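Below: run-v1.cif (mmCIF, C-alpha atoms and all ligand atoms)
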```
data_run
#
loop_
_atom_site.label_atom_id
_atom_site.label_comp_id
_atom_site.auth_asym_id
_atom_site.auth_seq_id
_atom_site.Cartn_x
_atom_site.Cartn_y
_atom_site.Cartn_z
CA MET A 575 -147.94 -195.92 70.70
CA ARG A 576 -146.07 -194.43 67.79
CA VAL A 577 -142.90 -192.42 68.45
CA SER A 578 -141.66 -190.04 65.77
CA CYS A 579 -138.41 -188.14 65.92
CA ALA A 580 -135.42 -187.16 63.83
CA ILE A 581 -132.49 -189.50 64.22
CA ASN A 582 -129.15 -188.51 62.73
CA GLY A 583 -131.00 -185.99 60.60
CA GLU A 584 -133.57 -188.44 59.20
CA PRO A 585 -137.25 -188.59 60.19
CA ARG A 586 -137.92 -191.96 61.85
CA HIS A 587 -140.98 -193.64 63.34
CA ALA A 588 -141.37 -196.57 65.70
CA ASP A 589 -144.74 -198.25 66.15
CA ASP A 590 -146.14 -200.36 68.97
CA VAL A 591 -143.80 -198.77 71.49
CA TRP A 592 -144.69 -199.65 75.07
CA GLU A 593 -144.99 -196.67 77.46
CA GLY A 594 -142.09 -197.92 79.56
CA GLU A 595 -139.76 -198.62 76.67
CA SER A 596 -136.43 -196.81 76.65
CA LEU A 597 -135.02 -194.74 73.83
CA LEU A 598 -132.10 -197.17 73.79
CA TYR A 599 -134.40 -200.13 73.13
CA VAL A 600 -136.14 -198.28 70.31
CA LEU A 601 -132.84 -197.27 68.72
CA ARG A 602 -131.35 -200.75 68.86
CA GLU A 603 -134.29 -203.10 68.53
CA ARG A 604 -136.85 -201.18 66.50
CA LEU A 605 -134.81 -198.83 64.34
CA GLY A 606 -131.73 -200.91 63.55
CA LEU A 607 -129.17 -198.60 65.15
CA PRO A 608 -127.00 -200.89 67.29
CA GLY A 609 -124.14 -198.42 67.78
CA SER A 610 -125.41 -197.34 71.19
CA LYS A 611 -124.67 -200.29 73.44
CA ASN A 612 -126.78 -201.80 76.18
CA ALA A 613 -124.53 -202.86 79.02
CA CYS A 614 -126.25 -201.97 82.29
CA GLU A 615 -129.57 -200.34 81.40
CA GLN A 616 -129.29 -198.39 84.65
CA GLY A 617 -127.36 -195.25 83.74
CA GLU A 618 -124.16 -196.67 85.25
CA CYS A 619 -121.86 -197.40 82.31
CA GLY A 620 -122.32 -194.73 79.65
CA SER A 621 -122.25 -197.22 76.77
CA CYS A 622 -125.62 -195.95 75.50
CA SER A 623 -124.70 -192.24 75.35
CA VAL A 624 -126.48 -190.16 72.69
CA TYR A 625 -127.56 -186.57 72.17
CA LEU A 626 -131.22 -185.71 72.70
CA ASP A 627 -131.94 -182.23 71.35
CA GLY A 628 -128.24 -181.48 71.70
CA VAL A 629 -128.06 -182.66 75.30
CA PHE A 630 -125.79 -185.56 76.24
CA VAL A 631 -127.89 -188.31 77.85
CA CYS A 632 -127.92 -192.00 78.64
CA ALA A 633 -130.47 -193.43 76.20
CA CYS A 634 -131.31 -196.22 78.64
CA LEU A 635 -132.64 -193.64 81.10
CA VAL A 636 -134.80 -191.79 78.54
CA LEU A 637 -138.29 -193.06 77.85
CA ALA A 638 -138.89 -193.44 74.15
CA GLY A 639 -141.95 -191.24 74.49
CA GLN A 640 -139.76 -188.41 75.77
CA ALA A 641 -138.01 -188.38 72.40
CA GLU A 642 -141.23 -187.65 70.53
CA GLY A 643 -140.58 -184.72 68.19
CA SER A 644 -136.95 -184.50 69.26
CA GLU A 645 -133.66 -184.66 67.43
CA VAL A 646 -131.49 -187.59 68.39
CA VAL A 647 -127.86 -188.02 67.36
CA THR A 648 -126.24 -191.41 67.94
CA VAL A 649 -122.67 -192.51 67.41
CA GLU A 650 -123.69 -193.58 63.90
CA GLY A 651 -124.58 -189.95 63.20
CA LEU A 652 -121.10 -188.67 64.00
CA ALA A 653 -119.56 -190.45 61.03
CA ALA A 654 -120.44 -189.41 57.49
CA GLY A 655 -120.84 -192.73 55.77
CA ASP A 656 -117.40 -194.32 55.62
CA ASP A 657 -115.74 -191.08 56.73
CA LEU A 658 -115.07 -191.26 60.42
CA HIS A 659 -115.51 -188.24 62.65
CA PRO A 660 -112.17 -186.83 63.91
CA VAL A 661 -112.93 -188.17 67.39
CA GLN A 662 -113.52 -191.64 65.96
CA GLU A 663 -110.28 -191.39 64.00
CA ALA A 664 -108.42 -190.41 67.15
CA PHE A 665 -109.71 -193.49 69.01
CA VAL A 666 -108.53 -195.73 66.18
CA GLU A 667 -105.14 -194.03 65.89
CA ALA A 668 -104.52 -194.09 69.63
CA GLY A 669 -105.41 -197.77 69.89
CA ALA A 670 -108.18 -196.93 72.35
CA VAL A 671 -110.46 -199.73 71.14
CA GLN A 672 -110.27 -203.31 72.33
CA CYS A 673 -113.56 -205.19 72.54
CA GLY A 674 -115.24 -201.93 71.53
CA PHE A 675 -118.28 -202.29 73.73
CA CYS A 676 -117.64 -199.03 75.58
CA THR A 677 -116.26 -197.21 72.55
CA PRO A 678 -119.45 -195.66 71.10
CA GLY A 679 -120.32 -194.13 74.46
CA LEU A 680 -116.77 -192.88 75.00
CA ILE A 681 -116.74 -191.32 71.55
CA VAL A 682 -120.01 -189.47 72.14
CA ALA A 683 -118.76 -188.39 75.57
CA THR A 684 -115.50 -187.14 74.06
CA HIS A 685 -117.43 -185.31 71.35
CA ASP A 686 -119.53 -183.66 74.05
CA LEU A 687 -116.47 -182.73 76.11
CA LEU A 688 -114.60 -181.14 73.20
CA ALA A 689 -117.71 -179.27 72.10
CA ARG A 690 -117.85 -177.67 75.55
CA ASN A 691 -114.13 -177.48 76.18
CA PRO A 692 -111.84 -177.78 73.13
CA SER A 693 -108.65 -177.88 75.22
CA PRO A 694 -109.42 -179.91 78.33
CA THR A 695 -106.84 -180.63 80.99
CA ASP A 696 -106.25 -184.23 82.06
CA PRO A 697 -108.41 -183.82 85.19
CA GLU A 698 -111.16 -182.34 83.03
CA ILE A 699 -110.95 -185.30 80.64
CA ARG A 700 -111.11 -187.75 83.54
CA GLU A 701 -114.09 -185.93 85.01
CA ALA A 702 -115.94 -185.82 81.68
CA LEU A 703 -115.42 -189.53 81.05
CA ALA A 704 -116.01 -190.65 84.62
CA GLY A 705 -119.45 -191.99 83.72
CA ASN A 706 -118.13 -194.20 80.91
CA LEU A 707 -116.85 -197.57 82.04
CA CYS A 708 -114.33 -199.66 80.09
CA ARG A 709 -113.38 -203.19 81.13
CA CYS A 710 -110.50 -203.56 78.68
CA THR A 711 -108.24 -200.61 78.03
CA GLY A 712 -107.24 -199.39 81.47
CA TYR A 713 -108.24 -195.93 80.21
CA GLU A 714 -104.72 -194.75 79.30
CA LYS A 715 -105.30 -195.25 75.57
CA VAL A 716 -108.68 -193.57 75.90
CA LEU A 717 -107.02 -190.56 77.49
CA ASP A 718 -104.45 -190.60 74.68
CA ALA A 719 -107.28 -190.55 72.14
CA VAL A 720 -108.96 -187.56 73.75
CA ARG A 721 -105.64 -185.69 73.96
CA LEU A 722 -104.99 -186.54 70.31
CA ALA A 723 -108.40 -185.28 69.20
CA ALA A 724 -108.09 -182.14 71.31
CA GLY A 725 -104.53 -181.50 70.17
CA ARG A 726 -105.61 -181.26 66.58
CA GLY A 727 -107.40 -178.05 67.48
CA LEU A 728 -110.35 -178.81 65.25
CA TRP A 729 -113.05 -177.42 67.50
CA THR A 730 -113.69 -173.72 67.09
CA ALA A 731 -116.39 -171.27 68.04
CA THR A 732 -118.29 -172.46 64.99
CA GLY A 733 -118.83 -175.84 66.55
CA ASP A 734 -118.25 -179.40 65.44
CA PRO A 735 -115.25 -179.84 63.11
CA SER A 736 -117.20 -182.10 60.77
CA GLY A 737 -119.21 -179.08 59.66
CA ARG A 738 -122.37 -181.18 59.57
CA GLY A 739 -124.39 -179.32 62.16
CA LEU A 740 -123.73 -181.79 64.97
CA PRO A 741 -124.35 -180.73 68.56
CA SER A 742 -121.80 -178.20 69.69
CA ARG A 743 -123.12 -177.38 73.14
CA SER A 744 -124.73 -179.43 75.84
CA GLY A 745 -124.52 -179.69 79.58
CA ALA A 746 -128.04 -178.82 80.65
CA PRO A 747 -128.73 -179.36 84.37
CA GLY A 748 -129.69 -182.94 85.13
CA THR A 749 -127.73 -184.44 82.27
CA ARG A 750 -124.44 -186.23 82.47
CA GLY A 751 -122.49 -183.32 81.08
CA GLY A 752 -124.23 -180.69 83.15
CA ASP A 753 -123.60 -179.02 86.47
CA ASP A 754 -125.94 -181.52 88.08
CA ALA A 755 -124.25 -184.49 86.47
CA GLY A 756 -125.91 -187.86 86.68
CA PRO A 757 -124.55 -191.17 87.93
CA ARG A 758 -120.80 -191.52 87.96
CA ALA A 759 -120.04 -195.17 88.38
CA GLY A 760 -116.36 -195.05 87.57
CA GLU A 761 -113.40 -192.77 87.41
CA ALA A 762 -111.48 -192.86 84.16
CA GLY A 763 -107.85 -193.57 84.69
CA THR A 764 -108.21 -194.87 88.22
S1 LIG A 801 -126.66 -199.04 79.22
FE1 LIG A 801 -127.18 -196.96 79.62
S2 LIG A 801 -125.71 -196.30 81.08
FE2 LIG A 801 -125.31 -198.44 80.82
S1 LIG A 802 -112.75 -201.65 74.96
FE1 LIG A 802 -113.78 -203.32 75.94
S2 LIG A 802 -115.05 -202.36 77.43
FE2 LIG A 802 -113.82 -200.77 76.65
#
```
Could you render the structure as structure tokens?
Amino acid sequence: MRVSCAINGEPRHADDVWEGESLLYVLRERLGLPGSKNACEQGECGSCSVYLDGVFVCACLVLAGQAEGSEVVTVEGLAAGDDLHPVQEAFVEAGAVQCGFCTPGLIVATHDLLARNPSPTDPEIREALAGNLCRCTGYEKVLDAVRLAAGRGLWTATGDPSGRGLPSRSGAPGTRGGDDAGPRAGEAGT
């Protein structure tokens, strides 16, 4: 089947998609967007986190067909060309990147957290990132990065500080950021 949707603001199409194919597979293998990582393919690690119609989801748990007609924002869509998003800058400045495999998911998760809660407490940061696993950093640098991004006070009622119309609210029930949050395989900072 053909799947058509807007990805990072651009209309995109993928052909010959199998009914059981995930959005993550289509992004990475069919559309040349390898930023979202495939680590577990089971909703356990958060490395594939993207926005689907402004809702924070694990792309490995979304069927590609479910994205038909939707707007998808991946980690590639947070940056503007060579200009990093403030959250991405904060991860670099805080030294929160080692092998980098978890980093795209953590950056999207942090973006989602700050869009909902511009001044999170440490427990709120840990809760928001609990579904994103990192094998390298021990999480302290990740927490530093989130505190750094939040401390810059860039998020306002008008939404994303990049001013590029990125998702500014999510947390629908059944999604990772929502009241009925999905799988939480780890606890950041523990
Ligand atoms: S690859 Fe999707 S949650 Fe791990
Ligand atoms: S930096 Fe290597 S898994 Fe997080």
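Closest approach to Leu598 (chain A) among A:Glu615, A:Glu701, A:Glu584, A:Asp734 is made by A:Glu615 (distances from all atoms listed in the file).
If you measure from each of A:Lys611, A:Arg709, A:His587, A:Arg576 to ligand LIG 801 (chain A) using only C-alpha atoms and all ligand atoms, the closest one turns out to be A:Lys611.
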Shell around region 616-626 of chain A at 8 Å using only C-alpha atoms, local window under 6 positions removed, as a ChimeraX atom specification | /A:598,610,632-635,641,644-649,675-680,682-683,705-707,741,757-760
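Proximity to Leu637 (chain A) at 10 Å, evaluated using only C-alpha atoms and with sequence-adjacent residues fewer than 6 positions away removed, yields Trp592, Glu593, Gly594, Glu595, Ser596, Leu597, Leu598, Tyr599 and Val600 of chain A.
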Could the centre and edge lengths of an axis-aligned box, enclosing all atoms of region 631-644 of chain A in the file with 6 Å extra on each side, be given in Å to one decimal as lines of an AutoDock Vina configuration file?
```
center_x = -134.9
center_y = -190.4
center_z = 74.6
size_x = 26.1
size_y = 23.7
size_z = 24.9
```
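In terms of minimum interatomic distance to Gln640 (chain A), A:Val577 ranks closest within A:Val661, A:Ala689, A:Cys673, A:Val577, counting all atoms listed in the file.
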Within-12 Å shell of (-120.3, -189.0, 61.1) in input frame, all atoms listed in the file, as an MDAnalysis selection string = chainID A and resid 582:583 647:663 681:682 685 734:741
Written file, previous selection with C-alpha atoms, as a PDB file, keeping the file's coordinate frame:
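To be explicit, this is the file written out as out39.pdb:
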```
ATOM      1  CA  ASN A 582    -129.150-188.510  62.730  1.00  0.00           C
ATOM      2  CA  GLY A 583    -131.000-185.990  60.600  1.00  0.00           C
ATOM      3  CA  VAL A 647    -127.860-188.020  67.360  1.00  0.00           C
ATOM      4  CA  THR A 648    -126.240-191.410  67.940  1.00  0.00           C
ATOM      5  CA  VAL A 649    -122.670-192.510  67.410  1.00  0.00           C
ATOM      6  CA  GLU A 650    -123.690-193.580  63.900  1.00  0.00           C
ATOM      7  CA  GLY A 651    -124.580-189.950  63.200  1.00  0.00           C
ATOM      8  CA  LEU A 652    -121.100-188.670  64.000  1.00  0.00           C
ATOM      9  CA  ALA A 653    -119.560-190.450  61.030  1.00  0.00           C
ATOM     10  CA  ALA A 654    -120.440-189.410  57.490  1.00  0.00           C
ATOM     11  CA  GLY A 655    -120.840-192.730  55.770  1.00  0.00           C
ATOM     12  CA  ASP A 656    -117.400-194.320  55.620  1.00  0.00           C
ATOM     13  CA  ASP A 657    -115.740-191.080  56.730  1.00  0.00           C
ATOM     14  CA  LEU A 658    -115.070-191.260  60.420  1.00  0.00           C
ATOM     15  CA  HIS A 659    -115.510-188.240  62.650  1.00  0.00           C
ATOM     16  CA  PRO A 660    -112.170-186.830  63.910  1.00  0.00           C
ATOM     17  CA  VAL A 661    -112.930-188.170  67.390  1.00  0.00           C
ATOM     18  CA  GLN A 662    -113.520-191.640  65.960  1.00  0.00           C
ATOM     19  CA  GLU A 663    -110.280-191.390  64.000  1.00  0.00           C
ATOM     20  CA  ILE A 681    -116.740-191.320  71.550  1.00  0.00           C
ATOM     21  CA  VAL A 682    -120.010-189.470  72.140  1.00  0.00           C
ATOM     22  CA  HIS A 685    -117.430-185.310  71.350  1.00  0.00           C
ATOM     23  CA  ASP A 734    -118.250-179.400  65.440  1.00  0.00           C
ATOM     24  CA  PRO A 735    -115.250-179.840  63.110  1.00  0.00           C
ATOM     25  CA  SER A 736    -117.200-182.100  60.770  1.00  0.00           C
ATOM     26  CA  GLY A 737    -119.210-179.080  59.660  1.00  0.00           C
ATOM     27  CA  ARG A 738    -122.370-181.180  59.570  1.00  0.00           C
ATOM     28  CA  GLY A 739    -124.390-179.320  62.160  1.00  0.00           C
ATOM     29  CA  LEU A 740    -123.730-181.790  64.970  1.00  0.00           C
ATOM     30  CA  PRO A 741    -124.350-180.730  68.560  1.00  0.00           C
TER      31      PRO A 741
END
```
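Atom pair CA of Pro608 (chain A) / CA of Asp627 (chain A): separated by 19.7 Å.
Of the listed residues (A:Val671, A:Gly606, A:Asn691, A:Ala704), A:Ala704 comes nearest to ligand LIG 801 (chain A); the distances count only C-alpha atoms and all ligand atoms.
Among the candidate residues A:Gly609, A:Gly669, A:Gly643, A:Gly628, the one lying nearest to ligand LIG 802 (chain A) is A:Gly669, with distances computed using all atoms listed in the file.
If you measure from each of A:Asp589, A:Asp686, A:Asp696, A:Glu714 to ligand LIG 802 (chain A) using all atoms listed in the file, the closest one turns out to be A:Glu714.
Here CA of Val666 (chain A) and atom S2 of ligand LIG 802 (chain A) stand 14.6 Å from one another.
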Skip Pro692 (chain A) itself and residues of its chain fewer than 6 positions away, then list as a count of residues only all residues within 9 Å of it, counting all atoms listed in the file.
-> 6
